[in-house]
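Worksheet: one structure, shown below.
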Amino acid sequence: MSGTAIYAAGAVCWRLIDGRMHVLLIHRTVHGDVTIPKGKVDPGESLPRTAVREVQEETGLDVALGVPLGISNYDMPDGRTKIVHYWAAEITPEAIQRSTFVPNGEVAAIEWVTIKKARTYLSYPADVDILETFSALVDAGITRTFALIALRHGKAVPRTGLGPDSKRPLTERGVRQAASVVDIITAWNPLRIISSTATRCVTTVAPLAAATGITIKQTDLISQDALECGEADVRAVIGKRVRSRKTAVLCSHGPVLPEILREIGLATGSTMNAELADAAALETGAFSIVHLSSENPSAGIIAIEHHIPHL
């Protein structure tokens with residue numbers, strides 16, 4: 001028996017039906033069980049991308065991820081441990097209309113049920129635990145969310161003093177980092193991309209912009225040069241993003257990121273704590289995702305997650 005862990009990901013898909021919260025369960029053909037959509041990570045695939053792909057493959061539904069709901073661990077018959085990461089995912093009416101699901105050799109049926117019914121329908125305690133995490137958010141009035149994604153630019157060539165610091169390009173590793181974030185960040189379906197005007201920042205989000213068709217909004221207000229000369233206005237940028245309640249990527253510099261996270265905290269009435277400080281302490285090419293409620297501003301920061309490029 002192998003001690004190697006198996007990684008998987010999935011999502012609690014939800015929508016309101018006649019004003020009542022419903023979640024999506026799948027009835028699996030071979031296993032004869034009822035579970036939450038999930039599946040194993042493909043080679044080289046990120047966990048968030050796995051969650052989106054598995055939901056699409058098992059239910060025919062296109063989703064954008066919401067808040068993380070936790071991780072379940074359980075032993076497989078062969079002795080290996082299966083580690084499953086979960087997120088919430090709202091299913092839009094448009095996604096329902098585009099659904100391509102038909103019963104197949106893996107999934108016999110999909111079913112929308114209330115949380116109360118889901119508790120009794122689910123075959124596995126680990127799934128019920130994840131459902132309870134989601135249920136607690138529902139009870140707190142936190143379902144629909146958006147994310148602010150703070151991204152540190154990829155690895156840039158060293159300062160040489162031969163030209164403006166803002167014109168430093170990415171190294172080959174930085175270019176690979178810029179390409180690698182696309183697979184992960186698009187799982188949250190960002191609608192805006194805001195970047196420092198520095199070349200290393202704009203180049204970092206260029207692959208993401210190409211993949212999504214979103215125009216990069218460049219601003220000096222979150223640039224390192226502006227911060228160092230006292231001309232940055234991180235508060236104005238973050239305030240606009242919090243008010244818009246649309247998922248956005250903000251690409252900036254190591255020295256500016258603490259200000260970005262601090263302003264997100266202030267704009268949402270959240271205290272600056274160790275978690276926010278950790279979210280700002282990013283290596284090049286890494287990013288933190290700050291989840292906020294779309295409908296309950298007083299809820300503050302719902303969750304923070306971190307992603308590091310494996311390059």
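A note on labels: chains of the structure tokens are A, B, ... as shown, every chain counts residues from 1, and ligands are counted from 1 in their shown order.
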Subject >> Sel. of alpha helix (DSSP H) residues, segment 43-180 of chain A, as a count of residues only >> reply: 50
Long-range neighbours of Leu131 of chain A as a PDB file with all heavy atoms, in the first residue's frame, 9 Å cut-off, only C-alpha atoms, 2 positions minimum in chain:
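Here's the written file out10.pdb:
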```
ATOM      1  N   VAL A  12     -19.320  23.243  -3.448  1.00  0.00           N
ATOM      2  CA  VAL A  12     -20.728  23.248  -3.065  1.00  0.00           C
ATOM      3  C   VAL A  12     -21.414  24.260  -3.975  1.00  0.00           C
ATOM      4  O   VAL A  12     -21.265  25.475  -3.802  1.00  0.00           O
ATOM      5  CB  VAL A  12     -20.910  23.619  -1.580  1.00  0.00           C
ATOM      6  CG1 VAL A  12     -22.399  23.749  -1.245  1.00  0.00           C
ATOM      7  CG2 VAL A  12     -20.246  22.590  -0.677  1.00  0.00           C
ATOM      8  N   VAL A  23     -28.713  23.403  -2.753  1.00  0.00           N
ATOM      9  CA  VAL A  23     -27.373  22.982  -3.155  1.00  0.00           C
ATOM     10  C   VAL A  23     -27.497  21.805  -4.111  1.00  0.00           C
ATOM     11  O   VAL A  23     -28.517  21.092  -4.128  1.00  0.00           O
ATOM     12  CB  VAL A  23     -26.499  22.611  -1.937  1.00  0.00           C
ATOM     13  CG1 VAL A  23     -26.257  23.833  -1.065  1.00  0.00           C
ATOM     14  CG2 VAL A  23     -27.129  21.476  -1.136  1.00  0.00           C
ATOM     15  N   ILE A  36     -21.006  15.497  -3.161  1.00  0.00           N
ATOM     16  CA  ILE A  36     -20.781  16.845  -3.686  1.00  0.00           C
ATOM     17  C   ILE A  36     -19.863  16.715  -4.903  1.00  0.00           C
ATOM     18  O   ILE A  36     -18.934  15.908  -4.887  1.00  0.00           O
ATOM     19  CB  ILE A  36     -20.109  17.726  -2.612  1.00  0.00           C
ATOM     20  CG1 ILE A  36     -21.025  17.890  -1.395  1.00  0.00           C
ATOM     21  CG2 ILE A  36     -19.750  19.103  -3.172  1.00  0.00           C
ATOM     22  CD1 ILE A  36     -20.330  18.503  -0.189  1.00  0.00           C
ATOM     23  N   LEU A  69     -14.240  26.537   1.480  1.00  0.00           N
ATOM     24  CA  LEU A  69     -15.087  25.914   2.501  1.00  0.00           C
ATOM     25  C   LEU A  69     -14.354  24.888   3.346  1.00  0.00           C
ATOM     26  O   LEU A  69     -14.947  24.273   4.221  1.00  0.00           O
ATOM     27  CB  LEU A  69     -16.306  25.257   1.843  1.00  0.00           C
ATOM     28  CG  LEU A  69     -17.298  26.193   1.162  1.00  0.00           C
ATOM     29  CD1 LEU A  69     -18.401  25.386   0.485  1.00  0.00           C
ATOM     30  CD2 LEU A  69     -17.883  27.200   2.143  1.00  0.00           C
ATOM     31  N   ILE A 115     -30.615  22.596   2.050  1.00  0.00           N
ATOM     32  CA  ILE A 115     -29.519  22.155   2.919  1.00  0.00           C
ATOM     33  C   ILE A 115     -30.008  21.094   3.901  1.00  0.00           C
ATOM     34  O   ILE A 115     -29.300  20.110   4.177  1.00  0.00           O
ATOM     35  CB  ILE A 115     -28.919  23.368   3.659  1.00  0.00           C
ATOM     36  CG1 ILE A 115     -28.188  24.277   2.671  1.00  0.00           C
ATOM     37  CG2 ILE A 115     -27.970  22.912   4.771  1.00  0.00           C
ATOM     38  CD1 ILE A 115     -27.644  25.549   3.278  1.00  0.00           C
ATOM     39  N   ALA A 118     -30.155  17.909   2.094  1.00  0.00           N
ATOM     40  CA  ALA A 118     -28.808  17.471   1.711  1.00  0.00           C
ATOM     41  C   ALA A 118     -28.107  16.759   2.861  1.00  0.00           C
ATOM     42  O   ALA A 118     -27.360  15.800   2.646  1.00  0.00           O
ATOM     43  CB  ALA A 118     -27.985  18.669   1.252  1.00  0.00           C
ATOM     44  N   ARG A 119     -28.356  17.213   4.073  1.00  0.00           N
ATOM     45  CA  ARG A 119     -27.723  16.580   5.238  1.00  0.00           C
ATOM     46  C   ARG A 119     -28.069  15.092   5.319  1.00  0.00           C
ATOM     47  O   ARG A 119     -27.245  14.269   5.727  1.00  0.00           O
ATOM     48  CB  ARG A 119     -28.167  17.280   6.531  1.00  0.00           C
ATOM     49  CG  ARG A 119     -27.628  18.681   6.724  1.00  0.00           C
ATOM     50  CD  ARG A 119     -27.987  19.202   8.110  1.00  0.00           C
ATOM     51  NE  ARG A 119     -27.451  20.526   8.334  1.00  0.00           N
ATOM     52  CZ  ARG A 119     -28.188  21.647   8.301  1.00  0.00           C
ATOM     53  NH1 ARG A 119     -29.495  21.557   8.073  1.00  0.00           N
ATOM     54  NH2 ARG A 119     -27.629  22.815   8.507  1.00  0.00           N
ATOM     55  N   ALA A 126     -17.787  13.291   5.693  1.00  0.00           N
ATOM     56  CA  ALA A 126     -16.869  14.362   5.281  1.00  0.00           C
ATOM     57  C   ALA A 126     -17.585  15.386   4.419  1.00  0.00           C
ATOM     58  O   ALA A 126     -17.330  16.599   4.514  1.00  0.00           O
ATOM     59  CB  ALA A 126     -15.683  13.769   4.522  1.00  0.00           C
ATOM     60  N   ASP A 127     -18.504  14.936   3.562  1.00  0.00           N
ATOM     61  CA  ASP A 127     -19.285  15.855   2.740  1.00  0.00           C
ATOM     62  C   ASP A 127     -20.235  16.686   3.603  1.00  0.00           C
ATOM     63  O   ASP A 127     -20.441  17.880   3.360  1.00  0.00           O
ATOM     64  CB  ASP A 127     -20.098  15.086   1.700  1.00  0.00           C
ATOM     65  CG  ASP A 127     -19.248  14.582   0.543  1.00  0.00           C
ATOM     66  OD1 ASP A 127     -18.058  14.944   0.485  1.00  0.00           O
ATOM     67  OD2 ASP A 127     -19.778  13.839  -0.301  1.00  0.00           O
ATOM     68  N   VAL A 128     -20.816  16.053   4.600  1.00  0.00           N
ATOM     69  CA  VAL A 128     -21.733  16.778   5.496  1.00  0.00           C
ATOM     70  C   VAL A 128     -20.970  17.879   6.242  1.00  0.00           C
ATOM     71  O   VAL A 128     -21.488  18.981   6.436  1.00  0.00           O
ATOM     72  CB  VAL A 128     -22.411  15.814   6.487  1.00  0.00           C
ATOM     73  CG1 VAL A 128     -23.287  16.591   7.467  1.00  0.00           C
ATOM     74  CG2 VAL A 128     -23.250  14.781   5.736  1.00  0.00           C
ATOM     75  N   ASP A 129     -19.754  17.599   6.651  1.00  0.00           N
ATOM     76  CA  ASP A 129     -18.950  18.613   7.346  1.00  0.00           C
ATOM     77  C   ASP A 129     -18.730  19.843   6.457  1.00  0.00           C
ATOM     78  O   ASP A 129     -18.821  20.981   6.936  1.00  0.00           O
ATOM     79  CB  ASP A 129     -17.593  18.027   7.748  1.00  0.00           C
ATOM     80  CG  ASP A 129     -17.705  17.000   8.868  1.00  0.00           C
ATOM     81  OD1 ASP A 129     -18.743  16.969   9.551  1.00  0.00           O
ATOM     82  OD2 ASP A 129     -16.735  16.227   9.047  1.00  0.00           O
ATOM     83  N   THR A 133     -20.171  23.869   6.908  1.00  0.00           N
ATOM     84  CA  THR A 133     -19.410  25.117   6.793  1.00  0.00           C
ATOM     85  C   THR A 133     -20.147  26.101   5.896  1.00  0.00           C
ATOM     86  O   THR A 133     -20.246  27.291   6.205  1.00  0.00           O
ATOM     87  CB  THR A 133     -18.004  24.833   6.222  1.00  0.00           C
ATOM     88  OG1 THR A 133     -17.327  23.937   7.091  1.00  0.00           O
ATOM     89  CG2 THR A 133     -17.201  26.118   6.090  1.00  0.00           C
ATOM     90  N   PHE A 134     -20.667  25.606   4.794  1.00  0.00           N
ATOM     91  CA  PHE A 134     -21.440  26.468   3.894  1.00  0.00           C
ATOM     92  C   PHE A 134     -22.723  26.942   4.574  1.00  0.00           C
ATOM     93  O   PHE A 134     -23.098  28.115   4.482  1.00  0.00           O
ATOM     94  CB  PHE A 134     -21.782  25.716   2.601  1.00  0.00           C
ATOM     95  CG  PHE A 134     -22.650  26.496   1.670  1.00  0.00           C
ATOM     96  CD1 PHE A 134     -22.153  27.593   0.977  1.00  0.00           C
ATOM     97  CD2 PHE A 134     -23.983  26.150   1.490  1.00  0.00           C
ATOM     98  CE1 PHE A 134     -22.955  28.331   0.126  1.00  0.00           C
ATOM     99  CE2 PHE A 134     -24.798  26.879   0.635  1.00  0.00           C
ATOM    100  CZ  PHE A 134     -24.283  27.978  -0.054  1.00  0.00           C
ATOM    101  N   SER A 135     -23.384  26.048   5.290  1.00  0.00           N
ATOM    102  CA  SER A 135     -24.630  26.389   5.976  1.00  0.00           C
ATOM    103  C   SER A 135     -24.423  27.519   6.986  1.00  0.00           C
ATOM    104  O   SER A 135     -25.275  28.392   7.145  1.00  0.00           O
ATOM    105  CB  SER A 135     -25.197  25.153   6.680  1.00  0.00           C
ATOM    106  OG  SER A 135     -26.384  25.460   7.372  1.00  0.00           O
ATOM    107  N   ALA A 136     -23.269  27.509   7.655  1.00  0.00           N
ATOM    108  CA  ALA A 136     -22.966  28.571   8.625  1.00  0.00           C
ATOM    109  C   ALA A 136     -22.864  29.926   7.932  1.00  0.00           C
ATOM    110  O   ALA A 136     -23.292  30.954   8.484  1.00  0.00           O
ATOM    111  CB  ALA A 136     -21.674  28.248   9.364  1.00  0.00           C
TER     112      ALA A 136
END
```
**OP:** Would you mind listing what lies within 9 Å of Ala248 of chain A as a VMD selection string, with only C-alpha atoms counted and same-chain residues fewer than 2 positions away left out?
**Re:** chain A and resid 146 to 150 189 to 194 241 245 to 246 250
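Taking only C-alpha atoms, the non-local environment of segment 90-93 of chain A within 6 Å (same-chain residues fewer than 4 positions away omitted) comprises Cys13, Trp14 and Arg15 of chain A.
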File of the preceding selection, N, CA, C and O atoms, as a PDB file, in the first residue's frame:
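As a result, part_22.pdb now contains:
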```pdb
ATOM      1  N   CYS A  13     -22.126  23.746  -4.963  1.00  0.00           N
ATOM      2  CA  CYS A  13     -22.829  24.612  -5.919  1.00  0.00           C
ATOM      3  C   CYS A  13     -24.179  25.000  -5.332  1.00  0.00           C
ATOM      4  O   CYS A  13     -24.901  24.141  -4.817  1.00  0.00           O
ATOM      5  N   TRP A  14     -24.507  26.278  -5.428  1.00  0.00           N
ATOM      6  CA  TRP A  14     -25.738  26.728  -4.799  1.00  0.00           C
ATOM      7  C   TRP A  14     -26.500  27.711  -5.681  1.00  0.00           C
ATOM      8  O   TRP A  14     -25.924  28.368  -6.546  1.00  0.00           O
ATOM      9  N   ARG A  15     -27.793  27.800  -5.437  1.00  0.00           N
ATOM     10  CA  ARG A  15     -28.634  28.832  -6.049  1.00  0.00           C
ATOM     11  C   ARG A  15     -29.923  28.939  -5.249  1.00  0.00           C
ATOM     12  O   ARG A  15     -30.281  28.019  -4.487  1.00  0.00           O
TER      13      ARG A  15
END
```
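Distance annotation: of A:Ser195, A:Leu24, A:Glu94, A:Thr145, the residue with the minimal separation from Lys217 of chain A is A:Ser195; atom set is only C-alpha atoms.
One distance worth recording is that between atom CA of Ala178 of chain A and atom CA of Ser252 of chain A, which is 12.9 Å.
From atom CA of Val205 of chain A back to atom CA of Val63 of chain A, the distance works out to 22.1 Å.
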Original post:
Counting only C-alpha atoms, what is within 9 Å of Ala281 of chain A, bar same-chain residues fewer than 2 positions away, as a list in words?
Top reply: Gly254, Leu257, Pro258, Leu276, Ala277, Asp278, Ala279 and Glu283 of chain A
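Comparing A:Glu275, A:Glu295, A:Glu305, A:Asp183 by their smallest distance to Val138 of chain A, the closest is A:Glu295 (using only C-alpha atoms).
Considering the residues A:Ala109, A:Ile214, A:Ala89, A:Ile289 and counting only C-alpha atoms, Leu25 of chain A has its shortest atom-to-atom contact with A:Ala109.
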